[in-house]
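Working notes, structure below.
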Amino acid sequence: MELEKYNVLKMDFKNLMSCIHHHEDSQNDDVILETLKTIIDICSNERCGKDAFREAGGLDFLVEFLFLTDNTKFLEHILKTLAFVIDENVHSQMYLSKKSVFEVLQAVWKKQRFPAAVQKNALVLISIILYHNSCAQNLVFETGILQDLLNMYEQHAQGLMINSSCMSPNFDNSVNFWMSTNSILCFAVNNPQNEKNQDICKNIFPVSLRILEFSSNSAVMNAVASFLTLTITDNEKCQDYFSSCDGFLVLKRCFQKYFDTLLMDMKICNGITGKETYQAINNIVGIISPACLDHEKNAATCGDLGILSIMIKLLLMETFDCQLKTKTVLSLGHCIAAFCTNKSYVLETTNFDSFLKKSLQLEDAELSSACKYLVQVCLATKGSLESDVDCTRDSKFDSVSLLKYDPEYSSDILKENFIIKEMVFLPSVHL
């Protein structure tokens, strides 16, 4: 019965493609647009609709139609239909992971005379093909799309840093294009990691850091933080270049700004702070961790600039949720693991052991593991400290726990479990 229904679906799709082909050269655009909408409706309502459409030759048909038509209405809706029918369908996603398909998309996307809706839908389709797809990651490099995206990223960046009172009528378009471009770049460099693409994308760190520091749009800040985090992660060249671009100075200024905002809100607003401030701090901490992970020089820079001191002050305020506490504690632990001397910031802080005890009593599994990891890196790291503290043991943590080495809290395990990859949200494909 299921097979019979599947074959009927395939036949329905073939009939719909015949309908489109029959009306290609007519003046009745509405018939084709309505047929494309019907394809989306069927794929939405039938569990196997997307597979049946692919096996009926639907993907090849739409890509060929895309290549042959200059009708911008058709282009807009073909791209939208393709994005919908491959979304969350790995077989269709991989089916479009071909150089010829990417070359068609590149040609459509780069035609300046096409309206914004066509270009935006092309970007959405590229994003969906790239999602968790190493083959597509290589194709955006081979076809030159990656470099085109970097150029577009920089082209629209200036418009993201203007004062809201000076916004031009094209501001929303500029933000939308930049956001779509940023999403594609995030998928191009990570999940899975692609070191070659990371090395190319690091070239826009200077403009990304300016956006991070000067954009007043919280959604833009979230997006650029995701890009920086994913591009730096597990790549020593990118860690080095980030530092050479004064990345840590930018992080310090941003961190200080939002920490001061938090303090001011506590004084004049009875501790009520907008979620944008917490999200901004979350973004900054999220960049610090991969930038310093296993990188002694960067971790030392974080300490020297006072970034770790701000993190510790933030933790002692205890005004935010366990997720941000966990992220901050882990980031602090990574900076100490990479550069032993950094532990002096913890050991010299009054009442930090009390914070750890309270955190362990919250019965939050991730926060508890993060705190135990922090204690262990402080106890286990070797090296000379100005304070002449014995690195193998310190009475500062006696009241927390007399921890022996436990593999559960080893650096590698915690890196795997708790280094939070920033989520990148695709622009939705709406009918």
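Every chain in the structure tokens takes a letter, A first, then B, and so on in the order presented; its residues are numbered from 1, and the ligands are numbered from 1 following the presented order.
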Checklist entry - Neighbours of His295 (chain A) within 10 Å (only C-alpha atoms; same-chain residues fewer than 2 positions away dropped), as number ranges by chain? => result A: 236, 239-240, 290-293, 297-300, 334-335, 337-339
Which neighbours of Phe248 (chain A) fall inside 9 Å, counting only C-alpha atoms, when residues of the same chain fewer than 3 positions from it are skipped, and could you give them as a PDB file with N, CA, C and O atoms, in the first residue's frame?
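Wrote it out as out.pdb, contents follow:
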```pdb
ATOM      1  N   PHE A 242      43.464  36.049  14.796  1.00  0.00           N
ATOM      2  CA  PHE A 242      42.504  36.775  15.625  1.00  0.00           C
ATOM      3  C   PHE A 242      43.232  37.688  16.606  1.00  0.00           C
ATOM      4  O   PHE A 242      42.874  38.857  16.771  1.00  0.00           O
ATOM      5  N   SER A 243      44.270  37.181  17.229  1.00  0.00           N
ATOM      6  CA  SER A 243      45.043  37.978  18.177  1.00  0.00           C
ATOM      7  C   SER A 243      45.772  39.113  17.477  1.00  0.00           C
ATOM      8  O   SER A 243      45.815  40.245  17.975  1.00  0.00           O
ATOM      9  N   SER A 244      46.328  38.833  16.283  1.00  0.00           N
ATOM     10  CA  SER A 244      47.073  39.860  15.551  1.00  0.00           C
ATOM     11  C   SER A 244      46.182  40.995  15.061  1.00  0.00           C
ATOM     12  O   SER A 244      46.663  42.096  14.787  1.00  0.00           O
ATOM     13  N   CYS A 245      44.881  40.727  14.959  1.00  0.00           N
ATOM     14  CA  CYS A 245      43.910  41.756  14.557  1.00  0.00           C
ATOM     15  C   CYS A 245      43.380  42.547  15.761  1.00  0.00           C
ATOM     16  O   CYS A 245      42.362  43.243  15.649  1.00  0.00           O
ATOM     17  N   LEU A 251      37.442  42.392  22.327  1.00  0.00           N
ATOM     18  CA  LEU A 251      36.656  41.630  23.297  1.00  0.00           C
ATOM     19  C   LEU A 251      36.678  42.304  24.662  1.00  0.00           C
ATOM     20  O   LEU A 251      35.647  42.364  25.353  1.00  0.00           O
ATOM     21  N   LYS A 252      37.839  42.810  25.061  1.00  0.00           N
ATOM     22  CA  LYS A 252      37.932  43.485  26.359  1.00  0.00           C
ATOM     23  C   LYS A 252      37.020  44.716  26.394  1.00  0.00           C
ATOM     24  O   LYS A 252      36.282  44.933  27.371  1.00  0.00           O
ATOM     25  N   ARG A 253      37.066  45.522  25.339  1.00  0.00           N
ATOM     26  CA  ARG A 253      36.231  46.732  25.316  1.00  0.00           C
ATOM     27  C   ARG A 253      34.752  46.376  25.327  1.00  0.00           C
ATOM     28  O   ARG A 253      33.952  47.008  26.032  1.00  0.00           O
ATOM     29  N   ILE A 288      35.800  33.888  23.491  1.00  0.00           N
ATOM     30  CA  ILE A 288      37.026  33.771  24.288  1.00  0.00           C
ATOM     31  C   ILE A 288      37.476  32.312  24.383  1.00  0.00           C
ATOM     32  O   ILE A 288      38.667  31.997  24.248  1.00  0.00           O
ATOM     33  N   ALA A 291      39.136  30.883  21.256  1.00  0.00           N
ATOM     34  CA  ALA A 291      40.300  31.706  20.928  1.00  0.00           C
ATOM     35  C   ALA A 291      41.489  31.387  21.827  1.00  0.00           C
ATOM     36  O   ALA A 291      42.641  31.592  21.431  1.00  0.00           O
ATOM     37  N   ASN A 298      47.553  33.322  23.661  1.00  0.00           N
ATOM     38  CA  ASN A 298      46.244  33.981  23.717  1.00  0.00           C
ATOM     39  C   ASN A 298      45.659  33.959  25.122  1.00  0.00           C
ATOM     40  O   ASN A 298      45.050  34.933  25.572  1.00  0.00           O
ATOM     41  N   THR A 301      47.332  36.585  27.093  1.00  0.00           N
ATOM     42  CA  THR A 301      46.826  37.906  26.693  1.00  0.00           C
ATOM     43  C   THR A 301      45.512  38.218  27.385  1.00  0.00           C
ATOM     44  O   THR A 301      45.276  39.333  27.844  1.00  0.00           O
ATOM     45  N   CYS A 302      44.635  37.209  27.476  1.00  0.00           N
ATOM     46  CA  CYS A 302      43.351  37.395  28.161  1.00  0.00           C
ATOM     47  C   CYS A 302      43.556  37.815  29.618  1.00  0.00           C
ATOM     48  O   CYS A 302      42.830  38.668  30.138  1.00  0.00           O
ATOM     49  N   LEU A 305      45.092  41.519  29.778  1.00  0.00           N
ATOM     50  CA  LEU A 305      44.156  42.589  29.431  1.00  0.00           C
ATOM     51  C   LEU A 305      43.039  42.772  30.466  1.00  0.00           C
ATOM     52  O   LEU A 305      42.250  43.713  30.371  1.00  0.00           O
ATOM     53  N   ILE A 307      40.616  40.507  31.008  1.00  0.00           N
ATOM     54  CA  ILE A 307      39.396  39.811  30.598  1.00  0.00           C
ATOM     55  C   ILE A 307      38.993  38.771  31.641  1.00  0.00           C
ATOM     56  O   ILE A 307      37.816  38.637  31.984  1.00  0.00           O
TER      57      ILE A 307
END
```
Next on the checklist: What's around Gly57 (chain A) at 10 Å? Count only C-alpha atoms, leave out sequence neighbours fewer than 5 positions away in its own chain, and write the answer as number ranges by chain.
Outcome noted: A: 10, 13-14, 17, 52, 62
Next on the checklist: When you look at Thr69 (chain A) with a cut-off of 12 Å (counting only C-alpha atoms), what residues show up, excluding the ones that are within fewer than 3 positions of it in the same chain? I need them as number ranges by chain.
Outcome noted: A: 21, 24-25, 62-66, 72-78, 104, 108
Those selected residues, please, written with all heavy atoms and delivered as a compact mmCIF listing (two decimals), in the first residue's frame.
```
# COMPACT_ATOMS: atom_id res chain seq x y z
N HIS A 21 6.18 22.65 -17.83
CA HIS A 21 6.84 22.64 -19.14
C HIS A 21 5.90 23.15 -20.24
O HIS A 21 6.32 23.90 -21.13
CB HIS A 21 7.30 21.22 -19.46
CG HIS A 21 8.05 21.11 -20.75
ND1 HIS A 21 9.32 21.63 -20.91
CD2 HIS A 21 7.71 20.54 -21.95
CE1 HIS A 21 9.74 21.39 -22.14
NE2 HIS A 21 8.78 20.73 -22.80
N GLU A 24 5.68 27.03 -20.02
CA GLU A 24 6.93 27.80 -19.91
C GLU A 24 6.93 29.04 -20.81
O GLU A 24 7.37 30.11 -20.39
CB GLU A 24 8.12 26.91 -20.29
CG GLU A 24 8.64 26.04 -19.17
CD GLU A 24 9.84 25.24 -19.62
OE1 GLU A 24 10.94 25.81 -19.65
OE2 GLU A 24 9.68 24.06 -19.97
N ASP A 25 6.50 28.88 -22.02
CA ASP A 25 6.60 29.98 -22.99
C ASP A 25 5.30 30.77 -23.13
O ASP A 25 5.20 31.65 -23.99
CB ASP A 25 7.00 29.42 -24.37
CG ASP A 25 8.36 28.73 -24.33
OD1 ASP A 25 9.24 29.26 -23.62
OD2 ASP A 25 8.52 27.67 -24.97
N LEU A 62 13.87 21.26 -11.89
CA LEU A 62 13.88 22.64 -11.39
C LEU A 62 15.22 23.33 -11.60
O LEU A 62 15.27 24.53 -11.90
CB LEU A 62 13.51 22.66 -9.90
CG LEU A 62 12.05 22.33 -9.56
CD1 LEU A 62 11.81 22.46 -8.06
CD2 LEU A 62 11.08 23.24 -10.31
N VAL A 63 16.32 22.58 -11.45
CA VAL A 63 17.65 23.18 -11.69
C VAL A 63 17.79 23.58 -13.16
O VAL A 63 18.31 24.66 -13.48
CB VAL A 63 18.77 22.20 -11.27
CG1 VAL A 63 20.14 22.73 -11.74
CG2 VAL A 63 18.78 22.02 -9.77
N GLU A 64 17.31 22.73 -14.06
CA GLU A 64 17.36 23.06 -15.50
C GLU A 64 16.49 24.28 -15.81
O GLU A 64 16.88 25.18 -16.56
CB GLU A 64 16.89 21.87 -16.33
CG GLU A 64 17.01 22.12 -17.83
CD GLU A 64 16.55 20.93 -18.66
OE1 GLU A 64 16.06 19.94 -18.07
OE2 GLU A 64 16.65 21.01 -19.89
N PHE A 65 15.31 24.32 -15.21
CA PHE A 65 14.41 25.46 -15.38
C PHE A 65 15.09 26.74 -14.87
O PHE A 65 15.02 27.80 -15.49
CB PHE A 65 13.11 25.18 -14.62
CG PHE A 65 11.97 26.11 -14.93
CD1 PHE A 65 12.04 27.05 -15.96
CD2 PHE A 65 10.80 26.06 -14.19
CE1 PHE A 65 10.97 27.90 -16.24
CE2 PHE A 65 9.73 26.90 -14.45
CZ PHE A 65 9.83 27.82 -15.47
N LEU A 66 15.76 26.60 -13.75
CA LEU A 66 16.48 27.73 -13.15
C LEU A 66 17.55 28.26 -14.10
O LEU A 66 17.74 29.47 -14.25
CB LEU A 66 17.14 27.26 -11.85
CG LEU A 66 17.72 28.29 -10.88
CD1 LEU A 66 16.61 29.13 -10.27
CD2 LEU A 66 18.49 27.58 -9.78
N THR A 72 12.11 36.69 -13.62
CA THR A 72 12.50 36.84 -12.21
C THR A 72 11.45 36.28 -11.24
O THR A 72 11.79 35.82 -10.16
CB THR A 72 12.79 38.31 -11.87
OG1 THR A 72 11.66 39.12 -12.20
CG2 THR A 72 14.01 38.80 -12.63
N LYS A 73 10.18 36.31 -11.64
CA LYS A 73 9.14 35.70 -10.79
C LYS A 73 9.38 34.20 -10.68
O LYS A 73 9.31 33.60 -9.60
CB LYS A 73 7.76 35.96 -11.36
CG LYS A 73 7.21 37.34 -11.12
CD LYS A 73 5.77 37.41 -11.61
CE LYS A 73 5.18 38.80 -11.40
NZ LYS A 73 3.79 38.86 -11.91
N PHE A 74 9.67 33.58 -11.83
CA PHE A 74 9.95 32.15 -11.83
C PHE A 74 11.20 31.84 -11.00
O PHE A 74 11.21 30.91 -10.18
CB PHE A 74 10.16 31.63 -13.25
CG PHE A 74 8.93 31.66 -14.11
CD1 PHE A 74 9.01 31.45 -15.49
CD2 PHE A 74 7.67 31.91 -13.58
CE1 PHE A 74 7.88 31.47 -16.30
CE2 PHE A 74 6.53 31.93 -14.38
CZ PHE A 74 6.64 31.71 -15.74
N LEU A 75 12.25 32.62 -11.20
CA LEU A 75 13.50 32.39 -10.48
C LEU A 75 13.28 32.43 -8.97
O LEU A 75 13.76 31.56 -8.23
CB LEU A 75 14.54 33.43 -10.88
CG LEU A 75 15.16 33.28 -12.27
CD1 LEU A 75 15.97 34.52 -12.62
CD2 LEU A 75 16.05 32.04 -12.33
N GLU A 76 12.56 33.45 -8.53
CA GLU A 76 12.31 33.61 -7.09
C GLU A 76 11.61 32.38 -6.52
O GLU A 76 12.00 31.86 -5.46
CB GLU A 76 11.46 34.86 -6.86
CG GLU A 76 11.11 35.08 -5.40
CD GLU A 76 10.15 36.27 -5.21
OE1 GLU A 76 9.97 37.06 -6.15
OE2 GLU A 76 9.58 36.38 -4.11
N HIS A 77 10.59 31.90 -7.22
CA HIS A 77 9.78 30.79 -6.69
C HIS A 77 10.42 29.42 -6.93
O HIS A 77 10.19 28.49 -6.14
CB HIS A 77 8.36 30.86 -7.27
CG HIS A 77 7.55 31.99 -6.69
ND1 HIS A 77 7.65 33.28 -7.15
CD2 HIS A 77 6.68 32.02 -5.66
CE1 HIS A 77 6.85 34.06 -6.45
NE2 HIS A 77 6.25 33.32 -5.54
N ILE A 78 11.21 29.29 -7.99
CA ILE A 78 11.94 28.03 -8.19
C ILE A 78 12.95 27.83 -7.06
O ILE A 78 13.08 26.75 -6.48
CB ILE A 78 12.66 28.01 -9.55
CG1 ILE A 78 11.64 27.98 -10.70
CG2 ILE A 78 13.57 26.80 -9.66
CD1 ILE A 78 12.27 28.28 -12.07
N VAL A 104 25.33 27.18 -11.40
CA VAL A 104 24.05 27.80 -11.76
C VAL A 104 23.62 28.79 -10.69
O VAL A 104 23.23 29.93 -10.98
CB VAL A 104 22.95 26.73 -11.98
CG1 VAL A 104 21.58 27.39 -12.13
CG2 VAL A 104 23.26 25.89 -13.22
N VAL A 108 23.08 32.92 -11.00
CA VAL A 108 21.83 33.60 -10.64
C VAL A 108 22.08 34.65 -9.57
O VAL A 108 21.62 35.79 -9.65
CB VAL A 108 20.78 32.56 -10.14
CG1 VAL A 108 19.57 33.27 -9.55
CG2 VAL A 108 20.35 31.65 -11.29
```
Item to check | Of the listed residues A:Ser226, A:Asn235, A:Gln119, A:Ser183, that which approaches Asp294 (chain A) most closely, counting only C-alpha atoms | outcome: A:Asn235
Item to check | Selection: 12 Å around region 143-148 of chain A, only C-alpha atoms, excl. self and same-chain fewer than 2 positions, as a VMD selection string | outcome: chain A and resid 97 to 110 122 to 123 126 to 127 130 136 to 141 150 to 155 181 to 182 184 to 189 196 to 204
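Within the 12 Å cut-off around Asn89 (chain A), using only C-alpha atoms and omitting residues fewer than 6 positions from it on the same chain, the listed residues are Cys43, Arg47, Cys48, Gly49, Lys50, Asp51, Ala52, Phe53, Arg54, Leu82, Ala83, Tyr95, Leu96, Ile128, Ile129, Tyr131, His132 and Asn133 of chain A.
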Checklist entry - Hey, can you check how far CA of Glu55 (chain A) sits from CA of Cys135 (chain A)? => result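 Rounded to one decimal, the two atoms are 21.1 Å apart.
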Item to check | helix (DSSP H, G or I) positions in region 148-352 of chain A, given as an MDAnalysis selection string | outcome: chainID A and resid 148:161 164:166 171:189 195:214 218:232 236:244 247:268 275:292 296:304 307:317 322:338 340:347 352
Against region 315-331 of chain A, which residues of region 341-365 of chain A fall within 9 Å? For each one I want the closest pair of atoms and the distance in Å (one decimal), counting only C-alpha atoms, rows by chain and increasing residue number, as a Markdown table.
```
| residue | atom | partner | partner_atom | distance |
| --- | --- | --- | --- | --- |
| A:Asn351 | CA | A:Leu316 | CA | 8.3 |
| A:Phe352 | CA | A:Leu316 | CA | 7.2 |
| A:Phe355 | CA | A:Leu316 | CA | 6.5 |
| A:Ser359 | CA | A:Cys322 | CA | 8.5 |
| A:Leu362 | CA | A:Cys322 | CA | 8.8 |
| A:Asp364 | CA | A:Cys322 | CA | 7.4 |
```
Could those residues be written to a file, using N, CA and C atoms, as an mmCIF file, in the first residue's frame?
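Result file follows (selection-v4.cif):
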```cif
data_model
loop_
_atom_site.group_PDB
_atom_site.id
_atom_site.type_symbol
_atom_site.label_atom_id
_atom_site.label_comp_id
_atom_site.auth_asym_id
_atom_site.auth_seq_id
_atom_site.Cartn_x
_atom_site.Cartn_y
_atom_site.Cartn_z
ATOM 1 N N ASN A 351 36.376 34.800 48.288
ATOM 2 C CA ASN A 351 35.040 34.188 48.205
ATOM 3 C C ASN A 351 34.773 33.431 46.897
ATOM 4 N N PHE A 352 35.804 33.196 46.082
ATOM 5 C CA PHE A 352 35.531 32.420 44.865
ATOM 6 C C PHE A 352 35.191 30.976 45.213
ATOM 7 N N PHE A 355 31.582 30.761 45.788
ATOM 8 C CA PHE A 355 30.820 30.675 44.532
ATOM 9 C C PHE A 355 30.792 29.235 44.030
ATOM 10 N N SER A 359 27.521 26.852 43.509
ATOM 11 C CA SER A 359 27.243 26.309 42.171
ATOM 12 C C SER A 359 27.078 24.804 42.205
ATOM 13 N N LEU A 362 23.639 23.639 43.349
ATOM 14 C CA LEU A 362 22.476 23.922 42.495
ATOM 15 C C LEU A 362 21.951 22.678 41.795
ATOM 16 N N ASP A 364 22.835 21.411 39.068
ATOM 17 C CA ASP A 364 22.839 21.510 37.608
ATOM 18 C C ASP A 364 24.043 20.713 37.114
#
```
Next on the checklist: Counting only C-alpha atoms, which residue out of A:Asp234, A:Glu88, A:Asp60, A:Asp304 sits closest to Ser44 (chain A)?
Outcome noted: A:Glu88
